[in-house]
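*Asks:* Coordinates in data_11.csv, CSV, C-alpha atoms, are listed below.
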chain,number,residue,atom,x,y,z
A,1,MET,CA,9.6,18.1,-34.2
A,2,ALA,CA,10.5,21.1,-32.1
A,3,GLY,CA,13.9,21.1,-30.4
A,4,ALA,CA,14.4,21.1,-26.6
A,5,LEU,CA,15.0,24.9,-26.7
A,6,ALA,CA,12.2,25.9,-29.0
A,7,GLY,CA,10.8,29.3,-27.8
A,8,LEU,CA,14.1,30.5,-26.4
A,9,ARG,CA,15.4,33.6,-28.2
A,10,VAL,CA,19.1,34.4,-28.2
A,11,ILE,CA,20.6,37.7,-29.3
A,12,ASP,CA,24.2,36.9,-30.3
A,13,LEU,CA,26.6,39.8,-30.4
A,14,SER,CA,29.7,37.5,-30.3
A,15,GLY,CA,32.3,36.9,-33.0
A,16,HIS,CA,35.3,34.7,-33.8
A,17,LEU,CA,34.7,31.3,-32.2
A,18,SER,CA,33.9,31.0,-28.5
A,19,GLY,CA,30.6,32.9,-28.5
A,20,PRO,CA,29.4,31.7,-31.9
A,21,PHE,CA,30.2,28.1,-30.9
A,22,CYS,CA,28.0,28.6,-27.8
A,23,ALA,CA,25.2,30.1,-29.8
A,24,MET,CA,25.4,27.3,-32.3
A,25,GLN,CA,24.8,24.7,-29.5
A,26,LEU,CA,21.7,26.6,-28.5
A,27,ALA,CA,20.5,27.0,-32.1
A,28,ASP,CA,21.1,23.3,-32.8
A,29,HIS,CA,18.5,22.4,-30.1
A,30,GLY,CA,15.9,24.8,-31.3
A,31,ALA,CA,16.7,28.3,-29.9
A,32,ASP,CA,16.0,31.2,-32.2
A,33,VAL,CA,19.5,32.7,-32.5
A,34,ILE,CA,19.7,36.2,-34.0
A,35,LYS,CA,23.3,37.0,-34.9
A,36,VAL,CA,23.8,40.7,-34.7
A,37,GLU,CA,26.8,41.9,-36.8
A,38,LYS,CA,28.4,45.2,-37.6
A,39,PRO,CA,27.3,46.5,-41.1
A,40,GLU,CA,30.8,46.8,-42.4
A,41,GLY,CA,32.3,43.3,-42.7
A,42,GLY,CA,30.4,41.6,-39.9
A,43,ASP,CA,32.1,38.9,-37.8
A,44,GLU,CA,35.8,38.7,-38.3
A,45,ALA,CA,35.5,35.0,-38.8
A,46,ARG,CA,33.9,35.7,-42.2
A,47,ARG,CA,37.5,36.4,-43.4
A,48,MET,CA,38.9,33.1,-42.4
A,49,PRO,CA,40.0,30.8,-45.3
A,50,PRO,CA,39.3,28.6,-47.1
A,51,PHE,CA,36.4,30.2,-49.0
A,52,VAL,CA,33.6,28.8,-51.0
A,53,ASN,CA,32.1,31.3,-53.5
A,54,GLY,CA,33.5,34.1,-51.2
A,55,GLU,CA,32.1,32.6,-48.0
A,56,SER,CA,34.3,31.5,-45.2
A,57,ALA,CA,34.1,27.7,-44.7
A,58,PRO,CA,35.1,27.9,-41.0
A,59,PHE,CA,32.5,30.6,-40.3
A,60,MET,CA,29.9,28.4,-42.0
A,61,VAL,CA,30.7,25.4,-39.7
A,62,TRP,CA,30.0,27.2,-36.4
A,63,ASN,CA,27.3,29.6,-37.5
A,64,ARG,CA,24.6,27.3,-38.9
A,65,ASN,CA,21.0,27.4,-37.6
A,66,LYS,CA,21.2,31.2,-37.0
A,67,ARG,CA,19.8,34.3,-38.6
A,68,SER,CA,22.0,37.3,-39.3
A,69,ILE,CA,21.1,41.0,-39.0
A,70,THR,CA,23.3,44.1,-39.2
A,71,LEU,CA,23.2,46.9,-36.6
A,72,ASP,CA,25.5,49.7,-35.7
A,73,LEU,CA,25.2,49.9,-31.9
A,74,LYS,CA,26.9,53.3,-31.8
A,75,ALA,CA,24.1,54.8,-34.0
A,76,GLU,CA,21.0,55.7,-32.1
A,77,PRO,CA,18.4,54.3,-34.6
A,78,ASP,CA,20.1,50.9,-34.6
A,79,ARG,CA,20.6,51.1,-30.8
A,80,GLN,CA,16.8,51.5,-30.4
A,81,ARG,CA,16.3,48.6,-32.8
A,82,PHE,CA,18.6,46.5,-30.6
A,83,LEU,CA,16.8,47.4,-27.4
A,84,ALA,CA,13.5,46.5,-29.1
A,85,LEU,CA,15.0,43.1,-29.9
A,86,LEU,CA,15.9,42.6,-26.2
A,87,GLU,CA,12.3,43.1,-25.3
A,88,THR,CA,11.7,39.8,-27.1
A,89,ALA,CA,14.9,38.0,-25.9
A,90,ASP,CA,15.7,35.5,-23.3
A,91,VAL,CA,19.5,35.5,-23.7
A,92,LEU,CA,22.1,38.1,-24.7
A,93,LEU,CA,25.5,36.7,-25.6
A,94,GLU,CA,28.7,38.7,-26.2
A,95,ASN,CA,32.4,38.1,-26.1
A,96,TYR,CA,33.9,41.6,-26.3
A,97,ARG,CA,36.8,42.7,-24.1
A,98,PRO,CA,35.6,43.5,-20.6
A,99,GLY,CA,34.1,47.0,-20.4
A,100,THR,CA,33.1,47.3,-24.1
A,101,MET,CA,29.4,46.8,-23.5
A,102,ASP,CA,29.5,49.1,-20.5
A,103,ARG,CA,31.0,51.9,-22.6
A,104,LEU,CA,28.1,51.4,-25.1
A,105,GLY,CA,25.6,51.7,-22.2
A,106,LEU,CA,24.6,48.1,-22.9
A,107,GLY,CA,26.3,46.2,-20.1
A,108,TYR,CA,24.4,44.0,-17.6
A,109,ASP,CA,24.1,46.7,-15.0
A,110,ALA,CA,22.5,49.0,-17.5
A,111,LEU,CA,20.1,46.4,-18.8
A,112,LYS,CA,19.0,44.3,-15.8
A,113,THR,CA,16.4,46.7,-14.5
A,114,ARG,CA,14.7,47.2,-17.8
A,115,PHE,CA,15.0,43.5,-18.7
A,116,PRO,CA,14.8,41.6,-15.4
A,117,ARG,CA,14.3,38.2,-17.0
A,118,LEU,CA,17.3,38.6,-19.4
A,119,ILE,CA,20.1,36.1,-19.1
A,120,TYR,CA,23.3,38.0,-20.0
A,121,CYS,CA,26.3,35.9,-20.9
A,122,ALA,CA,29.8,37.3,-21.4
A,123,ILE,CA,32.8,35.4,-22.6
A,124,SER,CA,36.2,37.0,-22.4
A,125,GLY,CA,39.9,36.0,-22.7
A,126,PHE,CA,40.7,36.1,-19.0
A,127,GLY,CA,37.5,37.0,-17.1
A,128,GLN,CA,35.7,40.2,-16.1
A,129,THR,CA,37.7,40.7,-12.9
A,130,GLY,CA,41.3,40.3,-11.9
A,131,PRO,CA,44.6,41.9,-12.9
A,132,GLU,CA,44.5,40.4,-16.4
A,133,ARG,CA,40.9,41.3,-17.3
A,134,ALA,CA,41.9,43.8,-19.9
A,135,ARG,CA,44.5,41.5,-21.6
A,136,GLY,CA,43.5,40.4,-25.1
A,137,GLY,CA,42.8,36.8,-25.1
A,138,PHE,CA,42.7,34.6,-28.2
A,139,ASP,CA,43.0,30.9,-27.9
A,140,LEU,CA,46.8,31.0,-28.4
A,141,MET,CA,47.4,33.3,-25.4
A,142,THR,CA,45.0,31.4,-23.1
A,143,GLN,CA,46.6,28.0,-24.0
A,144,ALA,CA,49.9,29.6,-23.0
A,145,MET,CA,48.8,31.1,-19.7
A,146,SER,CA,46.6,28.3,-18.6
A,147,GLY,CA,49.5,25.8,-18.3
A,148,LEU,CA,48.1,23.8,-21.2
A,149,MET,CA,50.9,24.6,-23.6
A,150,ALA,CA,53.6,23.9,-21.0
A,151,VAL,CA,52.6,20.2,-20.8
A,152,CYS,CA,51.9,19.6,-24.5
A,153,GLY,CA,54.5,18.3,-26.9
A,154,PRO,CA,57.5,16.0,-26.7
A,155,ALA,CA,59.1,15.7,-23.3
A,156,ASP,CA,62.4,17.3,-24.5
A,157,GLY,CA,60.8,19.8,-26.9
A,158,PRO,CA,59.4,23.4,-26.6
A,159,PRO,CA,55.9,24.3,-25.3
A,160,HIS,CA,53.3,23.1,-27.9
A,161,ARG,CA,50.0,24.6,-28.9
A,162,LEU,CA,47.2,22.2,-29.6
A,163,PRO,CA,46.2,22.8,-33.2
A,164,ILE,CA,42.5,22.8,-32.2
A,165,ALA,CA,41.1,25.9,-30.6
A,166,ILE,CA,40.5,24.1,-27.3
A,167,SER,CA,40.2,27.3,-25.2
A,168,ASP,CA,37.6,28.8,-27.6
A,169,VAL,CA,35.6,25.7,-27.9
A,170,GLY,CA,35.8,24.9,-24.2
A,171,ALA,CA,34.7,28.4,-23.2
A,172,GLY,CA,31.8,28.1,-25.7
A,173,LEU,CA,30.7,24.9,-24.1
A,174,TYR,CA,31.0,26.2,-20.5
A,175,ALA,CA,29.0,29.3,-21.6
A,176,THR,CA,26.3,26.9,-22.9
A,177,ILE,CA,26.2,25.1,-19.6
A,178,GLY,CA,26.0,28.4,-17.8
A,179,ILE,CA,23.1,29.7,-19.9
A,180,LEU,CA,21.1,26.5,-19.5
A,181,ALA,CA,21.7,26.6,-15.8
A,182,ALA,CA,20.4,30.2,-15.7
A,183,VAL,CA,17.4,29.3,-17.7
A,184,GLU,CA,16.6,26.5,-15.3
A,185,ALA,CA,17.0,28.9,-12.3
A,186,ARG,CA,14.7,31.4,-14.0
A,187,HIS,CA,12.0,28.8,-14.1
A,188,ARG,CA,12.0,28.9,-10.3
A,189,THR,CA,12.8,32.6,-9.7
A,190,GLY,CA,11.4,34.4,-12.7
A,191,ARG,CA,14.7,36.4,-12.8
A,192,GLY,CA,17.6,36.4,-15.3
A,193,GLN,CA,21.2,36.7,-14.2
A,194,TYR,CA,24.7,37.4,-15.3
A,195,VAL,CA,26.7,34.4,-16.7
A,196,GLU,CA,30.4,34.7,-17.2
A,197,THR,CA,33.3,32.5,-18.3
A,198,SER,CA,36.7,32.9,-20.0
A,199,LEU,CA,39.0,31.1,-22.4
A,200,PHE,CA,41.6,31.2,-19.6
A,201,GLU,CA,39.4,29.3,-17.1
A,202,ALA,CA,38.1,26.9,-19.7
A,203,ALA,CA,41.6,25.8,-20.7
A,204,MET,CA,42.8,25.7,-17.1
A,205,SER,CA,39.9,23.6,-16.0
A,206,LEU,CA,40.6,20.9,-18.6
A,207,GLY,CA,44.0,20.2,-17.0
A,208,VAL,CA,42.5,17.9,-14.4
A,209,TYR,CA,45.5,15.5,-14.1
A,210,GLU,CA,47.9,18.4,-14.0
A,211,ALA,CA,45.9,20.0,-11.2
A,212,ALA,CA,45.9,16.8,-9.2
A,213,HIS,CA,49.7,16.5,-9.7
A,214,TYR,CA,50.4,20.1,-8.6
A,215,PHE,CA,48.0,20.2,-5.6
A,216,THR,CA,49.4,16.9,-4.3
A,217,THR,CA,53.2,17.4,-4.9
A,218,GLY,CA,53.6,21.1,-5.1
A,219,GLU,CA,55.7,20.6,-8.2
A,220,LYS,CA,55.0,21.6,-11.8
A,221,PRO,CA,53.8,18.6,-13.9
A,222,PRO,CA,56.5,17.5,-16.3
A,223,ARG,CA,55.9,17.4,-20.0
A,224,ILE,CA,55.6,13.7,-20.8
A,225,GLY,CA,54.9,13.6,-24.5
A,226,GLN,CA,52.5,10.8,-25.5
A,227,ALA,CA,52.5,9.2,-22.1
A,228,HIS,CA,49.7,9.4,-19.5
A,229,ARG,CA,50.2,10.7,-16.0
A,230,GLY,CA,48.2,8.0,-14.3
A,231,SER,CA,47.9,5.0,-16.7
A,232,SER,CA,50.4,2.8,-18.6
A,233,PRO,CA,50.5,1.5,-21.2
A,234,TYR,CA,48.2,4.2,-22.6
A,235,GLN,CA,49.4,6.0,-25.7
A,236,VAL,CA,50.0,6.0,-29.4
A,237,PHE,CA,52.2,3.3,-30.9
A,238,LYS,CA,53.7,2.8,-34.4
A,239,THR,CA,52.9,-0.4,-36.2
A,240,ALA,CA,54.4,-1.9,-39.4
A,241,ASP,CA,52.1,0.2,-41.6
A,242,GLY,CA,50.7,3.1,-39.5
A,243,TRP,CA,49.8,4.2,-36.0
A,244,MET,CA,47.4,2.9,-33.4
A,245,THR,CA,46.4,3.5,-29.8
A,246,PHE,CA,45.4,1.3,-26.9
A,247,GLY,CA,44.8,1.5,-23.2
A,248,ALA,CA,45.9,-1.5,-21.2
A,249,SER,CA,46.6,-0.1,-17.8
A,250,GLN,CA,43.8,-2.0,-16.2
A,251,GLN,CA,45.4,-5.1,-14.7
A,252,ASN,CA,43.4,-7.8,-16.6
A,253,PHE,CA,44.0,-5.9,-19.8
A,254,TRP,CA,47.7,-5.7,-19.0
A,255,THR,CA,48.1,-9.5,-18.6
A,256,ARG,CA,46.2,-10.1,-21.8
A,257,LEU,CA,48.4,-7.6,-23.6
A,258,CYS,CA,51.5,-9.5,-22.5
A,259,THR,CA,50.1,-12.6,-24.1
A,260,ILE,CA,49.1,-10.9,-27.3
A,261,VAL,CA,52.5,-9.3,-27.9
A,262,GLU,CA,54.2,-12.6,-27.0
A,263,LEU,CA,56.0,-11.1,-24.1
A,264,PRO,CA,54.5,-13.1,-21.1
A,265,GLU,CA,57.5,-12.3,-18.9
A,266,LEU,CA,56.5,-8.7,-18.7
A,267,ALA,CA,53.5,-9.6,-16.6
A,268,THR,CA,55.8,-10.6,-13.7
A,269,ASP,CA,58.6,-8.1,-14.3
A,270,PRO,CA,58.9,-6.1,-11.0
A,271,ARG,CA,59.0,-2.9,-13.1
A,272,PHE,CA,55.6,-3.5,-14.6
A,273,VAL,CA,53.6,-5.6,-12.1
A,274,THR,CA,51.2,-2.7,-11.1
A,275,ASN,CA,49.9,0.3,-13.0
A,276,ALA,CA,51.8,2.6,-10.7
A,277,GLU,CA,55.1,0.8,-11.5
A,278,ARG,CA,54.3,0.8,-15.2
A,279,VAL,CA,53.7,4.6,-15.0
A,280,ARG,CA,57.0,5.0,-13.2
A,281,HIS,CA,58.9,2.9,-15.8
A,282,ASN,CA,56.8,3.9,-18.8
A,283,ASP,CA,59.7,4.7,-21.1
A,284,ALA,CA,61.3,1.2,-20.7
A,285,LEU,CA,57.9,-0.5,-21.2
A,286,VAL,CA,57.0,1.5,-24.3
A,287,ALA,CA,60.4,0.6,-25.8
A,288,LEU,CA,59.8,-3.1,-25.3
A,289,LEU,CA,56.2,-2.9,-26.6
A,290,GLN,CA,57.1,-0.7,-29.6
A,291,ALA,CA,59.8,-3.1,-30.8
A,292,ARG,CA,57.2,-5.9,-31.0
A,293,LEU,CA,54.3,-3.7,-32.4
A,294,GLU,CA,56.4,-2.6,-35.4
A,295,THR,CA,56.6,-6.1,-36.7
A,296,ARG,CA,53.0,-6.4,-37.8
A,297,PRO,CA,50.3,-4.2,-39.3
A,298,THR,CA,47.7,-2.2,-37.5
A,299,ALA,CA,44.8,-4.4,-38.6
A,300,HIS,CA,46.5,-7.5,-37.0
A,301,TRP,CA,47.0,-5.8,-33.6
A,302,LEU,CA,43.5,-4.2,-33.6
A,303,GLY,CA,41.9,-7.6,-34.2
A,304,GLU,CA,43.9,-9.2,-31.4
A,305,LEU,CA,43.2,-6.4,-28.9
A,306,GLN,CA,39.5,-6.1,-29.7
A,307,ALA,CA,39.1,-9.9,-29.4
A,308,ALA,CA,40.7,-9.6,-25.9
A,309,GLY,CA,38.4,-6.7,-25.0
A,310,ILE,CA,41.2,-4.2,-24.7
A,311,PRO,CA,40.2,-0.7,-25.9
A,312,ALA,CA,42.1,0.1,-29.1
A,313,ALA,CA,41.7,2.3,-32.2
A,314,PRO,CA,43.6,3.3,-35.3
A,315,VAL,CA,44.9,6.9,-35.7
A,316,LEU,CA,42.7,8.3,-38.5
A,317,THR,CA,43.3,11.4,-40.6
A,318,HIS,CA,40.3,13.7,-41.3
A,319,ASP,CA,39.6,12.3,-44.7
A,320,GLN,CA,39.2,8.9,-43.0
A,321,VAL,CA,37.3,10.4,-40.0
A,322,PHE,CA,34.6,12.0,-42.1
A,323,THR,CA,34.0,8.9,-44.3
A,324,HIS,CA,34.2,6.4,-41.4
A,325,PRO,CA,31.1,4.2,-41.0
A,326,GLN,CA,30.8,5.2,-37.3
A,327,THR,CA,30.9,8.9,-38.2
A,328,LEU,CA,28.1,8.4,-40.8
A,329,ALA,CA,26.0,6.1,-38.5
A,330,ARG,CA,26.1,8.8,-35.9
A,331,ASP,CA,25.0,11.5,-38.4
A,332,MET,CA,28.1,13.6,-37.7
A,333,VAL,CA,28.3,14.8,-41.3
A,334,VAL,CA,25.2,16.6,-42.6
A,335,GLU,CA,24.5,18.6,-45.8
A,336,VAL,CA,23.0,22.1,-45.9
A,337,GLU,CA,22.1,24.5,-48.7
A,338,HIS,CA,23.9,27.8,-48.4
A,339,ALA,CA,22.6,31.0,-50.0
A,340,LYS,CA,26.0,31.6,-51.8
A,341,ALA,CA,28.2,28.5,-51.2
A,342,GLY,CA,25.5,26.1,-52.4
A,343,ARG,CA,25.3,22.5,-51.2
A,344,SER,CA,27.9,22.0,-48.5
A,345,ARG,CA,28.7,19.7,-45.6
A,346,THR,CA,29.0,20.6,-42.0
A,347,LEU,CA,29.4,18.8,-38.7
A,348,GLY,CA,26.5,17.0,-37.1
A,349,ILE,CA,25.1,17.4,-33.6
A,350,ALA,CA,27.1,15.8,-30.9
A,351,VAL,CA,24.4,15.6,-28.2
A,352,LYS,CA,21.5,13.3,-29.1
A,353,LEU,CA,18.1,13.7,-27.4
A,354,SER,CA,15.5,11.0,-27.7
A,355,ASP,CA,12.3,13.1,-27.6
A,356,THR,CA,13.4,16.5,-28.7
A,357,PRO,CA,16.4,15.9,-30.9
A,358,GLY,CA,18.5,18.8,-32.3
A,359,ALA,CA,18.7,19.4,-36.0
A,360,VAL,CA,20.7,21.3,-38.6
A,361,THR,CA,17.9,23.1,-40.4
A,362,ARG,CA,19.6,26.0,-42.0
A,363,ALA,CA,23.1,26.9,-43.3
A,364,ALA,CA,25.1,29.8,-41.8
A,365,PRO,CA,23.7,33.1,-42.9
A,366,THR,CA,25.2,35.6,-45.2
A,367,LEU,CA,25.9,39.0,-43.7
A,368,GLY,CA,22.7,40.7,-42.8
A,369,GLN,CA,20.6,38.0,-44.7
A,370,HIS,CA,17.7,38.3,-42.2
A,371,THR,CA,17.8,41.9,-41.2
A,372,ASP,CA,14.5,42.9,-42.9
A,373,GLU,CA,12.8,39.6,-41.8
A,374,VAL,CA,13.8,39.9,-38.1
A,375,LEU,CA,13.0,43.6,-37.8
A,376,ALA,CA,9.6,43.2,-39.4
A,377,GLU,CA,8.6,40.4,-37.0
A,378,PRO,CA,5.9,41.3,-34.5
A,379,THR,CA,6.8,41.4,-30.8
A,380,ARG,CA,6.9,37.9,-29.5
A,381,PRO,CA,6.7,36.8,-25.8
A,382,ARG,CA,9.8,35.5,-24.2
A,383,LEU,CA,9.9,31.9,-22.9
A,384,ALA,CA,7.7,32.0,-19.8
A,385,ALA,CA,9.1,30.9,-16.4
A,386,ALA,CA,7.2,28.0,-14.6
A,387,GLY,CA,4.2,29.4,-12.9
A,388,GLU,CA,4.1,32.6,-14.9
A,389,ASP,CA,1.1,33.6,-16.9
Translate the structure described by the file into structure tokens.
*Replies:*
Amino acid sequence: MAGALAGLRVIDLSGHLSGPFCAMQLADHGADVIKVEKPEGGDEARRMPPFVNGESAPFMVWNRNKRSITLDLKAEPDRQRFLALLETADVLLENYRPGTMDRLGLGYDALKTRFPRLIYCAISGFGQTGPERARGGFDLMTQAMSGLMAVCGPADGPPHRLPIAISDVGAGLYATIGILAAVEARHRTGRGQYVETSLFEAAMSLGVYEAAHYFTTGEKPPRIGQAHRGSSPYQVFKTADGWMTFGASQQNFWTRLCTIVELPELATDPRFVTNAERVRHNDALVALLQARLETRPTAHWLGELQAAGIPAAPVLTHDQVFTHPQTLARDMVVEVEHAKAGRSRTLGIAVKLSDTPGAVTRAAPTLGQHTDEVLAEPTRPRLAAAGED
């Protein structure tokens, strides 16, 4: 069954994570993604450990469903091959520093007249405009400058980096949304356009509670560790044999929780009678709850909470996550056959469509694996806009 984006061709010049993650989303849903890499070494992510038969495992996770070709865009023969590819393309994706493509003569302004239907998407560290546009922007730097790092970690500790590459992945997802919005607009207008986002904006936009706090009070949001800015109790707790989470800020959940932990007096304690008061006195509340929760194992509390309809879950490690029945039932672990690494596992597709489901149909490519194949293909029409011949 063809995916929802079948017929859409994407030329992917991006490397590392943000751009490739975006291109993967498109490829998972049927787009023909051609990853263009430099002949010497290719994408820098190919050198990220751990390795399987010399192939980077991280690279393989976010570059599945693509074909790889090698071109040197500074060499005129390869530049002409690249322009020929654009004749067949719907989307061009890149995540170079601002100005790089312009210096190559391949920026949007140089391409839009020749390729009026081309959707050109650029991801950068801090955006294409503004005083920081030229600053190098990896995930670490944009977590730092977006405010995200300032509010993460223990309340009395230093700024804390999220160990996941949230800025990269967030920018990749926003770029995906932007590209799909531009495709929809092109169905009406017949014209492509410039799509742009950055790691900085992606990370900043995720701080919705923090923005509300600052815009309302004019004060910087304090670092609050595991607590929640607007809900209580709502965090991780230690049990007799592990860790668990639950969210019982909703008033009916709160009163049921007091019964479950055998502390009915908390329901009428003036410090805890409303969610706002519980947020205000969260430290005192957590201390009382924690003392009781540590007396029994996780399974006991999960059973009680779930029976009462209170959202709760254990804290799982990744070996537990990827073998969990819910993970497997949702097809979030799939197997592929890689040209060098052999049979390997990768993440499944997070967005499920009923009529045109996405699929993992091919492993990540080896460097230049499809160069001859792609360059030998006849010219193909781009995805037609609605009403076009």
*Asks:* Restricting the calculation to only C-alpha atoms, which member of A:Ala185, A:Leu263, A:Met48, A:Leu17 is positioned closest to Ala165 (chain A)?
*Replies:* A:Leu17
*Asks:* Counting all atoms listed in the file, which residues have an atom no more than 12 Å from (23.0, 31.0, -53.5) in the file's coordinates? Please list them as a ChimeraX atom specification.
*Replies:* /A:52-55,336-344,363-366,369
*Asks:* For the point (22.0, 37.1, -35.4) in the file's frame, write as a ChimeraX atom specification all residues with an atom no more than 12 Å away, counting all atoms listed in the file.
*Replies:* /A:9-15,19-20,23-24,27,31-38,42-43,63-71,82,85,89,92-94,364-371,373-375
*Asks:* Per residue of region 2-120 of chain A within 10 Å of region 134-137 of chain A, record the nearest atom pair and its distance in Å to one decimal, counting only C-alpha atoms, with rows in chain order and ascending residue number, as JSON lines.
*Replies:*
{"residue": "A:Tyr96", "atom": "CA", "partner": "A:Gly136", "partner_atom": "CA", "distance": 9.7}
{"residue": "A:Arg97", "atom": "CA", "partner": "A:Ala134", "partner_atom": "CA", "distance": 6.7}
{"residue": "A:Pro98", "atom": "CA", "partner": "A:Ala134", "partner_atom": "CA", "distance": 6.3}
{"residue": "A:Gly99", "atom": "CA", "partner": "A:Ala134", "partner_atom": "CA", "distance": 8.4}
*Asks:* Quick one: residues within 12 Å of Thr274 (chain A), only C-alpha atoms, excluding same-chain residues fewer than 2 positions away - as a list in words?
*Replies:* Gly230, Ser231, Ser232, Pro233, Ala248, Ser249, Gln250, Gln251, Asn252, Phe253, Trp254, Thr255, Leu266, Ala267, Thr268, Asp269, Pro270, Arg271, Phe272, Ala276, Glu277, Arg278, Val279, Arg280, His281 and Asn282 of chain A
*Asks:* Extract, using all atoms listed in the file, all DNA, RNA and protein residues at most 12 Å from Val208 (chain A), discarding same-chain residues fewer than 3 positions from it, and format them as a list in words.
*Replies:*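 Counting all atoms listed in the file, the residues come to Ser146, Gly147, Leu148, Ala202, Ala203, Met204, Ser205, Ala211, Ala212, His213, Tyr214, Phe215, Pro221, Arg229 and Gly230 of chain A.
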*Asks:* So what do you get for CA of Thr189 (chain A) versus CA of Pro116 (chain A), distance-wise?
*Replies:*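 Going from CA of Thr189 (chain A) over to CA of Pro116 (chain A), I get 10.8 Å.
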*Asks:* Kindly give the distance, in Å, that separates CA of Asp72 (chain A) and CA of Cys22 (chain A), rounded to a single decimal.
*Replies:*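 Distance reported for this atom pair: 22.7 Å.
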*Asks:* Taking all atoms listed in the file into account, which of A:Glu184, A:Glu76, A:Asp90, A:Asp139 comes nearest Glu201 (chain A)?
*Replies:* A:Asp139
*Asks:* In Å, how far is it from CA of Glu219 (chain A) to CA of Ser198 (chain A)?
*Replies:*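 Distance between the two atoms: 25.5 Å.
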*Asks:* For a quick check of understanding, using all atoms listed in the file, which of A:Thr379, A:Gln290, A:Thr361, A:Thr176 has the smallest distance to Met1 (chain A)?
*Replies:*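 For Met1 (chain A), the nearest of the given residues is A:Thr361.
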*Asks:* When distances are computed from only C-alpha atoms, which of A:Ala4, A:Val261, A:Ile166, A:Ala45 shows the smallest separation from Ala57 (chain A)?
*Replies:* A:Ala45
*Asks:* For region 308-320 of chain A, work out the shell of residues within 8 Å, counting all atoms listed in the file and skipping chain neighbours fewer than 4 positions away, then give it as a VMD selection string.
*Replies:* chain A and resid 242 to 248 253 256 298 302 304 324
*Asks:* Taking C-alpha atoms for each residue, export the selection above as a PDB file, in the frame of the given file.
*Replies:*
ATOM      1  CA  GLY A 242      50.700   3.100 -39.500  1.00  0.00           C
ATOM      2  CA  TRP A 243      49.800   4.200 -36.000  1.00  0.00           C
ATOM      3  CA  MET A 244      47.400   2.900 -33.400  1.00  0.00           C
ATOM      4  CA  THR A 245      46.400   3.500 -29.800  1.00  0.00           C
ATOM      5  CA  PHE A 246      45.400   1.300 -26.900  1.00  0.00           C
ATOM      6  CA  GLY A 247      44.800   1.500 -23.200  1.00  0.00           C
ATOM      7  CA  ALA A 248      45.900  -1.500 -21.200  1.00  0.00           C
ATOM      8  CA  PHE A 253      44.000  -5.900 -19.800  1.00  0.00           C
ATOM      9  CA  ARG A 256      46.200 -10.100 -21.800  1.00  0.00           C
ATOM     10  CA  THR A 298      47.700  -2.200 -37.500  1.00  0.00           C
ATOM     11  CA  LEU A 302      43.500  -4.200 -33.600  1.00  0.00           C
ATOM     12  CA  GLU A 304      43.900  -9.200 -31.400  1.00  0.00           C
ATOM     13  CA  HIS A 324      34.200   6.400 -41.400  1.00  0.00           C
TER      14      HIS A 324
END
*Asks:* Output as JSON the centre and edge lengths (Å, one decimal) of the box along x, y and z of the file that holds every listed atom of region 305-321 of chain A after adding 5 Å on each side.
*Replies:*
{"center_x": 41.1, "center_y": 1.9, "center_z": -34.7, "size_x": 17.6, "size_y": 33.6, "size_z": 30.0}
*Asks:* With distances taken over only C-alpha atoms, which of A:Tyr174, A:Tyr120, A:Phe51, A:Phe138 is nearest to Thr197 (chain A)?
*Replies:*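 Answer, going by the shortest atom-to-atom distance: A:Tyr174.
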